[in-house]
file coords-v4.cif (mmCIF, C-alpha atoms)
data_query
#
loop_
_atom_site.label_atom_id
_atom_site.label_comp_id
_atom_site.auth_asym_id
_atom_site.auth_seq_id
_atom_site.Cartn_x
_atom_site.Cartn_y
_atom_site.Cartn_z
CA MET A 1 95.34 104.80 71.01
CA LYS A 2 97.19 107.63 72.75
CA MET A 3 93.96 109.54 73.21
CA ALA A 4 92.28 106.48 74.75
CA ASN A 5 95.21 105.97 77.15
CA SER A 6 95.16 109.63 78.15
CA VAL A 7 91.42 109.43 78.78
CA ASN A 8 91.85 106.32 80.96
CA ILE A 9 94.65 107.94 82.95
CA SER A 10 92.59 111.08 83.49
CA GLN A 11 89.62 108.98 84.63
CA ILE A 12 91.79 107.09 87.13
CA GLN A 13 93.18 110.36 88.44
CA ASN A 14 89.69 111.78 88.83
CA GLN A 15 88.54 108.66 90.70
CA ILE A 16 91.54 108.86 93.05
CA VAL A 17 90.83 112.53 93.73
CA VAL A 18 87.15 111.78 94.43
CA VAL A 19 88.02 108.90 96.79
CA LEU A 20 90.58 110.99 98.66
CA ARG A 21 88.11 113.84 98.92
CA ASN A 22 85.49 111.53 100.43
CA SER A 23 87.96 109.74 102.72
CA SER A 24 88.16 110.35 106.43
CA VAL A 25 90.74 112.40 108.26
CA VAL A 26 92.61 109.19 109.13
CA VAL A 27 93.42 108.28 105.53
CA LYS A 28 94.30 111.86 104.60
CA ALA A 29 96.59 112.27 107.63
CA ILE A 30 98.47 109.04 106.86
CA LEU A 31 98.97 110.16 103.26
CA VAL A 32 100.34 113.54 104.30
CA VAL A 33 102.75 112.02 106.83
CA VAL A 34 104.03 109.45 104.29
CA CYS A 35 104.75 112.18 101.74
CA LEU A 36 106.55 114.32 104.32
CA MET A 37 108.63 111.37 105.50
CA TYR A 38 109.62 110.62 101.91
CA LEU A 39 111.02 114.14 101.61
CA LEU A 40 112.94 113.66 104.86
CA SER A 41 114.46 110.43 103.58
CA PHE A 42 116.77 112.46 101.30
CA VAL A 43 118.75 113.41 104.40
CA GLY A 44 120.23 109.92 104.34
CA GLU A 45 121.49 107.51 106.99
CA PRO A 46 120.78 109.67 110.06
CA ILE A 47 117.04 109.63 109.28
CA LEU A 48 117.08 105.85 108.88
CA ASN A 49 118.86 105.39 112.21
CA THR A 50 116.44 107.76 113.93
CA LEU A 51 113.05 106.87 112.43
CA ALA A 52 113.45 103.33 111.06
CA ILE A 53 113.66 100.21 113.21
CA THR A 54 117.25 99.04 113.58
CA PRO A 55 117.28 95.72 115.49
CA GLY A 56 120.45 96.62 117.42
CA TYR A 57 118.96 99.90 118.62
CA ILE A 58 115.66 98.64 120.02
CA VAL A 59 117.35 96.71 122.83
CA PRO A 60 119.09 98.29 125.82
CA PRO A 61 120.99 100.53 126.20
CA ASN A 62 119.51 102.42 123.19
CA PHE A 63 115.91 101.18 123.43
CA ARG A 64 114.47 103.31 120.60
CA ILE A 65 110.89 102.18 121.01
CA TRP A 66 109.43 105.19 119.16
CA THR A 67 110.64 103.65 115.91
CA TYR A 68 107.83 101.10 116.19
CA VAL A 69 105.48 103.99 115.37
CA THR A 70 107.59 106.03 112.94
CA HIS A 71 109.06 103.27 110.78
CA GLY A 72 105.87 102.70 108.77
CA PHE A 73 105.71 106.26 107.46
CA LEU A 74 109.29 106.31 106.15
CA GLU A 75 109.75 105.45 102.48
CA THR A 76 112.94 105.87 100.44
CA HIS A 77 111.64 105.15 96.92
CA LEU A 78 109.00 106.95 94.90
CA TRP A 79 107.33 103.73 93.68
CA ASN A 80 106.86 102.65 97.28
CA VAL A 81 105.11 105.95 97.99
CA ALA A 82 102.85 105.34 94.96
CA ALA A 83 102.03 101.84 96.26
CA ASP A 84 101.22 103.30 99.69
CA ILE A 85 98.89 105.89 98.16
CA LEU A 86 97.11 103.22 96.13
CA THR A 87 96.72 101.06 99.24
CA LEU A 88 95.26 103.92 101.24
CA VAL A 89 92.88 104.74 98.38
CA VAL A 90 91.65 101.14 98.48
CA CYS A 91 91.20 101.47 102.24
CA GLY A 92 89.17 104.63 101.86
CA LYS A 93 86.90 103.13 99.20
CA LEU A 94 86.39 99.50 100.25
CA ILE A 95 87.29 98.90 103.88
CA GLU A 96 86.69 102.16 105.74
CA PRO A 97 82.95 102.29 104.85
CA LEU A 98 82.56 98.84 106.45
CA TRP A 99 84.67 99.41 109.56
CA GLY A 100 84.52 103.11 110.20
CA ALA A 101 87.33 105.61 110.72
CA LEU A 102 88.05 104.63 114.33
CA GLU A 103 88.43 100.92 113.56
CA MET A 104 90.53 101.81 110.53
CA LEU A 105 92.90 103.81 112.74
CA LEU A 106 93.06 101.00 115.28
CA PHE A 107 93.84 98.47 112.57
CA PHE A 108 96.59 100.69 111.18
CA GLY A 109 98.16 101.03 114.64
CA VAL A 110 98.03 97.30 115.34
CA ALA A 111 99.42 96.46 111.91
CA ASN A 112 102.18 99.08 112.04
CA VAL A 113 103.45 98.21 115.51
CA GLY A 114 102.92 94.48 115.06
CA VAL A 115 104.86 94.31 111.79
CA GLY A 116 107.75 96.26 113.28
CA LEU A 117 107.86 94.10 116.40
CA VAL A 118 107.70 90.75 114.57
CA SER A 119 110.29 91.81 112.00
CA ALA A 120 112.68 93.05 114.68
CA VAL A 121 112.32 89.82 116.68
CA TRP A 122 112.99 87.84 113.52
CA TYR A 123 116.27 89.62 112.82
CA LEU A 124 117.33 89.36 116.46
CA THR A 125 116.69 85.62 116.26
CA VAL A 126 118.73 85.36 113.06
CA TYR A 127 121.56 87.24 114.77
CA VAL A 128 121.49 84.88 117.73
CA ALA A 129 121.58 81.90 115.35
CA THR A 130 124.32 83.23 113.06
CA SER A 131 126.25 85.73 115.25
CA ASN A 132 126.34 88.01 112.21
CA ILE A 133 126.38 91.59 113.47
CA THR A 134 125.06 92.95 110.16
CA TYR A 135 121.59 91.76 111.18
CA LEU A 136 121.74 94.15 114.14
CA PHE A 137 122.92 97.45 112.69
CA ASP A 138 122.82 97.20 108.88
CA VAL A 139 119.14 96.24 108.66
CA HIS A 140 116.58 99.05 108.60
CA ILE A 141 112.90 98.15 108.87
CA HIS A 142 110.68 100.87 107.39
CA GLY A 143 107.80 101.46 105.00
CA LEU A 144 104.22 100.29 104.61
CA SER A 145 104.90 97.02 102.83
CA GLY A 146 103.67 95.16 105.90
CA TYR A 147 100.54 97.28 106.00
CA ILE A 148 99.86 96.51 102.32
CA ALA A 149 99.87 92.81 103.24
CA CYS A 150 97.50 93.59 106.13
CA ILE A 151 95.07 95.29 103.75
CA ALA A 152 95.25 92.26 101.45
CA VAL A 153 94.22 90.05 104.38
CA ALA A 154 91.38 92.43 105.26
CA LEU A 155 90.12 92.29 101.66
CA LYS A 156 90.27 88.50 101.79
CA GLN A 157 88.10 88.58 104.89
CA THR A 158 85.49 91.04 103.62
CA MET A 159 85.21 90.18 99.90
CA GLY A 160 87.33 87.10 99.30
CA ASP A 161 84.92 85.47 96.82
CA TYR A 162 85.00 88.38 94.38
CA ASP A 163 87.03 88.05 91.19
CA LEU A 164 90.32 89.90 90.97
CA ILE A 165 91.12 88.77 87.42
CA ASN A 166 88.62 86.82 85.34
CA THR A 167 89.82 85.98 81.82
CA SER A 168 89.96 82.89 79.67
CA PHE A 169 93.66 82.51 80.44
CA LEU A 170 93.80 83.50 84.11
CA LYS A 171 91.30 83.61 86.95
CA LEU A 172 92.21 84.98 90.36
CA ARG A 173 90.08 85.89 93.34
CA ILE A 174 90.66 88.42 96.07
CA LYS A 175 91.16 85.61 98.61
CA GLN A 176 94.44 84.83 96.82
CA LEU A 177 95.68 88.42 97.13
CA PRO A 178 97.81 87.99 100.31
CA MET A 179 99.96 85.29 98.75
CA LEU A 180 100.25 87.31 95.54
CA VAL A 181 101.52 90.28 97.54
CA LEU A 182 104.05 88.03 99.30
CA LEU A 183 105.22 86.57 95.98
CA TRP A 184 105.57 90.06 94.51
CA SER A 185 107.69 91.25 97.47
CA VAL A 186 109.99 88.24 97.06
CA ILE A 187 110.41 88.92 93.33
CA MET A 188 111.16 92.59 93.99
CA ALA A 189 113.77 91.67 96.62
CA VAL A 190 115.44 89.02 94.47
CA THR A 191 115.69 91.36 91.47
CA GLY A 192 117.14 94.12 93.67
CA LEU A 193 114.27 96.56 93.07
CA SER A 194 113.44 96.67 96.77
CA SER A 195 115.04 95.93 100.10
CA GLY A 196 115.38 92.38 101.37
CA VAL A 197 113.45 93.48 104.44
CA TYR A 198 110.18 93.73 102.50
CA PRO A 199 109.45 89.97 102.26
CA VAL A 200 109.95 89.71 106.04
CA MET A 201 107.62 92.66 106.65
CA THR A 202 105.03 91.25 104.23
CA THR A 203 105.04 87.88 105.99
CA ALA A 204 104.78 89.61 109.36
CA GLY A 205 101.87 91.70 108.07
CA ILE A 206 99.96 88.60 106.98
CA PHE A 207 100.43 86.95 110.38
CA VAL A 208 99.66 90.03 112.46
CA SER A 209 96.55 91.04 110.54
CA TRP A 210 95.17 87.50 110.45
CA ILE A 211 95.64 87.05 114.21
CA TYR A 212 93.97 90.38 114.94
CA LEU A 213 91.04 89.86 112.56
CA ARG A 214 90.61 86.21 113.49
CA PHE A 215 90.62 86.52 117.29
CA TYR A 216 90.48 90.12 118.50
CA GLN A 217 88.60 92.49 116.18
CA LYS A 218 85.35 93.64 117.78
CA GLN A 219 82.24 92.84 115.76
CA SER A 220 78.90 94.62 115.61
CA ASP A 221 77.31 92.00 117.91
CA ASN A 222 79.98 92.65 120.60
CA SER A 223 81.75 89.39 119.76
CA ARG A 224 85.44 89.10 118.98
CA GLY A 225 87.13 87.88 115.85
CA ASP A 226 85.95 86.06 112.75
CA MET A 227 85.82 82.28 113.18
CA SER A 228 84.31 81.51 109.79
CA ASP A 229 85.60 78.54 107.81
CA THR A 230 86.58 80.79 104.91
CA PHE A 231 89.07 82.69 107.06
CA THR A 232 91.12 79.86 108.54
CA PHE A 233 94.90 79.95 108.36
CA ALA A 234 94.89 77.06 105.88
CA SER A 235 92.67 79.06 103.51
CA PHE A 236 95.67 81.24 102.59
CA PHE A 237 97.29 78.29 100.82
CA PRO A 238 96.36 76.27 97.70
CA ASP A 239 93.66 73.65 98.10
CA LYS A 240 96.02 70.68 97.78
CA VAL A 241 98.16 71.65 100.77
CA GLN A 242 95.36 72.91 103.01
CA PRO A 243 94.65 69.62 104.89
CA PRO A 244 98.14 69.20 106.43
CA ILE A 245 98.38 72.92 107.19
CA ALA A 246 94.95 72.81 108.82
CA ILE A 247 96.06 69.92 111.05
CA LEU A 248 99.19 71.82 112.08
CA ALA A 249 97.30 75.08 112.68
CA ASN A 250 94.58 73.36 114.71
CA THR A 251 97.20 71.61 116.83
CA VAL A 252 98.98 74.87 117.59
CA HIS A 253 95.69 76.59 118.39
CA SER A 254 94.62 73.76 120.71
CA GLY A 255 97.94 74.01 122.53
CA LEU A 256 97.53 77.77 122.95
CA VAL A 257 93.99 77.26 124.26
CA LYS A 258 95.20 74.72 126.80
CA ALA A 259 97.97 77.10 127.83
CA ARG A 260 95.28 79.81 128.22
CA VAL A 261 97.03 82.07 125.75
CA CYS A 262 94.00 81.97 123.44
CA LYS A 263 90.35 81.44 124.19
CA LYS A 264 88.22 78.89 122.44
CA GLN A 265 85.87 80.81 120.22
CA VAL A 266 82.17 79.90 120.17
CA ARG A 267 79.71 81.78 118.00
CA LYS A 268 76.01 82.06 118.92
CA TYR A 269 73.21 82.83 116.53
CA ASP A 270 69.43 82.68 116.51
CA VAL A 271 68.06 80.45 113.76
CA GLY A 272 64.91 82.59 113.55
CA ALA A 273 62.62 80.05 115.15
CA PRO A 274 59.69 81.29 117.26
CA SER A 275 61.16 79.56 120.28
CA SER A 276 63.91 81.07 122.38
CA ILE A 277 66.38 78.31 121.50
CA THR A 278 69.82 79.61 120.54
CA ILE A 279 72.25 77.24 118.84
CA SER A 280 75.94 77.64 119.68
CA LEU A 281 78.38 76.34 117.09
CA PRO A 282 82.09 77.08 116.74
CA GLY A 283 82.97 78.75 113.50
CA SER A 284 79.52 80.06 112.59
CA ASP A 285 79.43 83.81 112.13
CA PRO A 286 76.29 85.77 111.23
CA ASN A 287 78.37 88.35 109.39
CA ASP A 288 79.90 85.63 107.26
CA ALA A 289 76.45 84.21 106.53
CA GLU A 290 75.26 87.66 105.46
CA ARG A 291 78.26 88.05 103.14
CA ARG A 292 77.53 84.69 101.57
CA ARG A 293 73.87 85.62 101.11
CA GLN A 294 74.83 88.85 99.33
CA LEU A 295 77.26 86.97 97.09
CA ALA A 296 74.58 84.39 96.24
CA LEU A 297 72.10 87.15 95.34
CA ARG A 298 74.72 88.85 93.18
CA ALA A 299 75.53 85.60 91.34
CA LEU A 300 71.82 84.90 90.83
CA ASN A 301 71.22 88.38 89.38
CA GLU A 302 74.14 87.95 86.98
CA ARG A 303 72.85 84.58 85.79
CA LEU A 304 69.34 85.92 85.31
CA SER A 305 70.64 88.86 83.30
CA ARG A 306 72.65 86.51 81.07
CA VAL A 307 69.61 84.27 80.56
CA GLU A 308 67.46 87.28 79.64
CA GLU A 309 70.04 88.42 77.10
CA GLN A 310 70.24 84.97 75.51
CA ALA A 311 66.47 84.39 75.51
CA SER A 312 65.46 87.79 74.18
CA TRP A 313 63.31 87.30 71.02
CA PRO A 314 63.29 89.73 68.07
CA SER A 315 60.29 92.00 67.65
CA MET A 316 57.75 90.86 65.06
CA ASP A 317 57.11 94.45 64.00
CA ASP A 318 60.82 95.09 63.30
CA GLN A 319 61.86 91.96 61.42
CA GLN A 320 58.70 90.72 59.59
CA PRO A 321 56.73 93.73 58.38
CA PRO A 322 56.37 92.47 54.74
CA ALA A 323 54.97 89.09 55.81
CA THR A 324 52.55 90.79 58.14
CA THR A 325 51.40 93.17 55.39
CA THR A 326 50.96 90.35 52.88
CA ALA A 327 49.08 88.28 55.39
CA THR A 328 46.88 91.24 56.22
CA THR A 329 46.25 92.00 52.53
CA THR A 330 45.49 88.37 51.80
CA SER A 331 43.14 88.10 54.71
CA THR A 332 41.46 91.38 53.70
CA THR A 333 41.04 90.20 50.11
CA THR A 334 39.64 86.89 51.30
CA VAL A 335 37.24 88.64 53.61
CA ASP A 336 36.20 91.08 50.86
CA SER A 337 35.59 88.29 48.36
CA THR A 338 33.66 86.33 50.92
CA VAL A 339 31.61 89.37 51.78
CA GLY A 340 31.05 90.01 48.07
CA LYS A 341 29.84 86.50 47.53
CA ASN A 342 27.60 86.73 50.51
CA ASN A 343 26.28 90.06 49.28
CA SER A 344 25.63 88.64 45.82
CA LYS A 345 23.89 85.66 47.28
CA SER A 346 21.93 87.89 49.62
CA GLY A 347 21.04 90.14 46.67
CA SER A 348 19.78 87.22 44.66
CA ASP A 349 17.75 85.95 47.56
CA SER A 350 16.40 89.45 48.15
CA GLU A 351 15.39 89.83 44.51
CA GLY A 352 13.66 86.47 44.49
CA GLN A 353 11.90 87.27 47.70
CA SER A 354 10.82 90.68 46.35
CA GLY A 355 9.44 89.10 43.17
CA MET A 356 7.53 86.56 45.18
CA GLU A 357 6.09 89.26 47.37
CA THR A 358 5.04 91.29 44.30
CA HIS A 359 3.33 88.25 42.73
CA LEU A 360 1.53 87.51 45.96
CA ALA A 361 0.46 91.14 46.21
CA ILE A 362 -1.00 91.06 42.68
CA GLU A 363 -2.76 87.81 43.43
CA ASP A 364 -4.18 89.32 46.60
CA GLU A 365 -5.40 92.37 44.78
CA THR A 366 -6.92 90.22 42.06
CA GLY A 367 -8.51 88.02 44.66
CA ASP A 368 -9.96 91.06 46.39
CA GLU A 369 -11.37 92.38 43.13
CA THR A 370 -12.88 89.01 42.36
CA VAL A 371 -14.54 88.86 45.70
CA GLU A 372 -15.96 92.31 45.28
CA SER A 373 -17.40 91.50 41.87
CA ASP A 374 -19.18 88.52 43.28
#
call {"tool": "encode", "arguments": {"input": "coords-v4.cif", "output": "structure tokens"}}
result
Amino acid sequence: MKMANSVNISQIQNQIVVVLRNSSVVVKAILVVVCLMYLLSFVGEPILNTLAITPGYIVPPNFRIWTYVTHGFLETHLWNVAADILTLVVCGKLIEPLWGALEMLLFFGVANVGVGLVSAVWYLTVYVATSNITYLFDVHIHGLSGYIACIAVALKQTMGDYDLINTSFLKLRIKQLPMLVLLWSVIMAVTGLSSGVYPVMTTAGIFVSWIYLRFYQKQSDNSRGDMSDTFTFASFFPDKVQPPIAILANTVHSGLVKARVCKKQVRKYDVGAPSSITISLPGSDPNDAERRRQLALRALNERLSRVEEQASWPSMDDQQPPATTTATTTSTTTVDSTVGKNNSKSGSDSEGQSGMETHLAIEDETGDETVESD
């Protein structure tokens, strides 16, 4: 058992090394900066006040706006650094090949700054509502917990229908990953294993990444966002509560469109007809259709492979050699006996025919002699 565990750990380490080796400069640079910031965190409170977002210091007269960039790289616990490394490894293996290094860097910047901004505004709002000064100067927003939530949303968008866990007792899909990350951050905060800021950052990361990917990310066809039905805001929640959430989300979106804060998204695609007609429907995305086609092909291949395994027949040569030999021997014996009988019958007929020919020959000779004597 110990040898098997050691082999599995060594395989995982080798895979991580291979992924990091094949990753772009963006992923490697983020990893290096996170590790360096973790070493700096041992300095203590001065580093937190300088590099982390403190809500009371981002407003005048301090106005430390650089912390919106630096706060994401600062981690104070080793397990948080390990989670960051794992997240970046997932980025380098699954998301970066689809988006490219430049889009990956842009997404990291939007997620990092957006999470810091939303979290700081939240704590400023709580301070205004409660007049509790601890929300201004005792709260430090730092780490990549918000970015982890952003990556979970990106995985939901790109491969949400894939299975995360598929057992007889539990079945989870990647589309449920954002809420699982949020639940995990709440559990860690309640048990005291992490800061109470992490659930706020995780929630902010889900909102920021969904807004960016839904409305603003540039696609390969020069369109913006992903308006597919599988990436609505209600799709983050269980099926039973999706209808009321969808009504609320659609109402808010309609209000923002009327206020000209958001634009109404319309997707165009060519149905492949010979005519030049182009159908325009809201919420139809060619990229989403391609993803669904790939998933359907994958499911079909899996079903066909299972059917082939179940319907595979045993080889007659491997499982029934004695019966085949007996049948062959029997058939050979039958054929030989039949041939023998036929040969015997043919021999008898031949002998009779030969005797008849001999008798006729004698009669002919006798007849000839008789004629000659006459």
call {"tool": "resolve_selection", "arguments": {"input": "coords-v4.cif", "expression": "the PyMOL selection byres ((chain A and resi 117) around 12)", "output": "VMD selection string"}}
result
chain A and resid 53 to 55 58 to 59 65 to 69 71 to 72 110 to 116 118 to 124 141 to 142 146 200 to 201 204 to 205 207 to 208
call {"tool": "atom_distance", "arguments": {"input": "coords-v4.cif", "atom1": "atom CA of Pro243 of chain A", "atom2": "atom CA of Thr125 of chain A"}}
result
29.5 Å
call {"tool": "residues_around", "arguments": {"input": "coords-v4.cif", "residues": "segment 26-31 of chain A", "least_positions_apart": "4", "cutoff": "12 Å", "atoms": "only C-alpha atoms", "output": "ChimeraX atom specification"}}
result
/A:17,19-22,35-38,70,72-75,81-93,95-96,100-109,112,144,147
call {"tool": "write_last_selection", "arguments": {"input": "coords-v4.cif", "atoms": "C-alpha atoms", "output": "short mmCIF file (atom, residue, chain, number, x, y, z; two decimals), in the frame of the given file"}}
result
data_model
loop_
_atom_site.label_atom_id
_atom_site.label_comp_id
_atom_site.auth_asym_id
_atom_site.auth_seq_id
_atom_site.Cartn_x
_atom_site.Cartn_y
_atom_site.Cartn_z
CA VAL A 17 90.83 112.53 93.73
CA VAL A 19 88.02 108.90 96.79
CA LEU A 20 90.58 110.99 98.66
CA ARG A 21 88.11 113.84 98.92
CA ASN A 22 85.49 111.53 100.43
CA CYS A 35 104.75 112.18 101.74
CA LEU A 36 106.55 114.32 104.32
CA MET A 37 108.63 111.37 105.50
CA TYR A 38 109.62 110.62 101.91
CA THR A 70 107.59 106.03 112.94
CA GLY A 72 105.87 102.70 108.77
CA PHE A 73 105.71 106.26 107.46
CA LEU A 74 109.29 106.31 106.15
CA GLU A 75 109.75 105.45 102.48
CA VAL A 81 105.11 105.95 97.99
CA ALA A 82 102.85 105.34 94.96
CA ALA A 83 102.03 101.84 96.26
CA ASP A 84 101.22 103.30 99.69
CA ILE A 85 98.89 105.89 98.16
CA LEU A 86 97.11 103.22 96.13
CA THR A 87 96.72 101.06 99.24
CA LEU A 88 95.26 103.92 101.24
CA VAL A 89 92.88 104.74 98.38
CA VAL A 90 91.65 101.14 98.48
CA CYS A 91 91.20 101.47 102.24
CA GLY A 92 89.17 104.63 101.86
CA LYS A 93 86.90 103.13 99.20
CA ILE A 95 87.29 98.90 103.88
CA GLU A 96 86.69 102.16 105.74
CA GLY A 100 84.52 103.11 110.20
CA ALA A 101 87.33 105.61 110.72
CA LEU A 102 88.05 104.63 114.33
CA GLU A 103 88.43 100.92 113.56
CA MET A 104 90.53 101.81 110.53
CA LEU A 105 92.90 103.81 112.74
CA LEU A 106 93.06 101.00 115.28
CA PHE A 107 93.84 98.47 112.57
CA PHE A 108 96.59 100.69 111.18
CA GLY A 109 98.16 101.03 114.64
CA ASN A 112 102.18 99.08 112.04
CA LEU A 144 104.22 100.29 104.61
CA TYR A 147 100.54 97.28 106.00
#
call {"tool": "resolve_selection", "arguments": {"input": "coords-v4.cif", "expression": "the PyMOL selection byres ((chain A and resi 223-229) around 6)", "output": "ChimeraX atom specification"}}
result
/A:213-219,221-222,230-232,283-285
call {"tool": "atom_distance", "arguments": {"input": "coords-v4.cif", "atom1": "atom CA of Ile174 of chain A", "atom2": "atom CA of Ala246 of chain A"}}
result
20.6 Å
call {"tool": "atom_distance", "arguments": {"input": "coords-v4.cif", "atom1": "atom CA of Val25 of chain A", "atom2": "atom CA of Trp210 of chain A"}}
result
25.4 Å
call {"tool": "closest_residue", "arguments": {"input": "coords-v4.cif", "among": "A:Val153, A:Leu40, A:Leu170, A:Val32", "to": "His77 of chain A", "atoms": "all atoms listed in the file"}}
result
A:Leu40
call {"tool": "axis_aligned_box", "arguments": {"input": "coords-v4.cif", "around": "segment 212-216 of chain A", "padding_each_side": "4 Å", "output": "AutoDock Vina command-line options"}}
result
--center_x 92.2 --center_y 88.3 --center_z 115.5 --size_x 11.5 --size_y 12.2 --size_z 13.9
call {"tool": "closest_residue", "arguments": {"input": "coords-v4.cif", "among": "A:Tyr212, A:Trp99, A:Lys263, A:Val139", "to": "Thr158 of chain A", "atoms": "all atoms listed in the file"}}
result
A:Trp99
call {"tool": "resolve_selection", "arguments": {"input": "coords-v4.cif", "expression": "the PyMOL selection byres ((chain A and resi 196) around 12)", "output": "list in words"}}
result
Ser119, Tyr123, Tyr135, Asp138, Val139, His140, Ile141, His142, Ser145, Ser185, Val186, Ile187, Met188, Ala189, Val190, Thr191, Gly192, Leu193, Ser194, Ser195, Val197, Tyr198, Pro199, Val200, Met201 and Thr202 of chain A
call {"tool": "closest_residue", "arguments": {"input": "coords-v4.cif", "among": "A:Leu94, A:Val18, A:Ile47, A:Val33", "to": "Ala152 of chain A", "atoms": "all atoms listed in the file"}}
result
A:Leu94
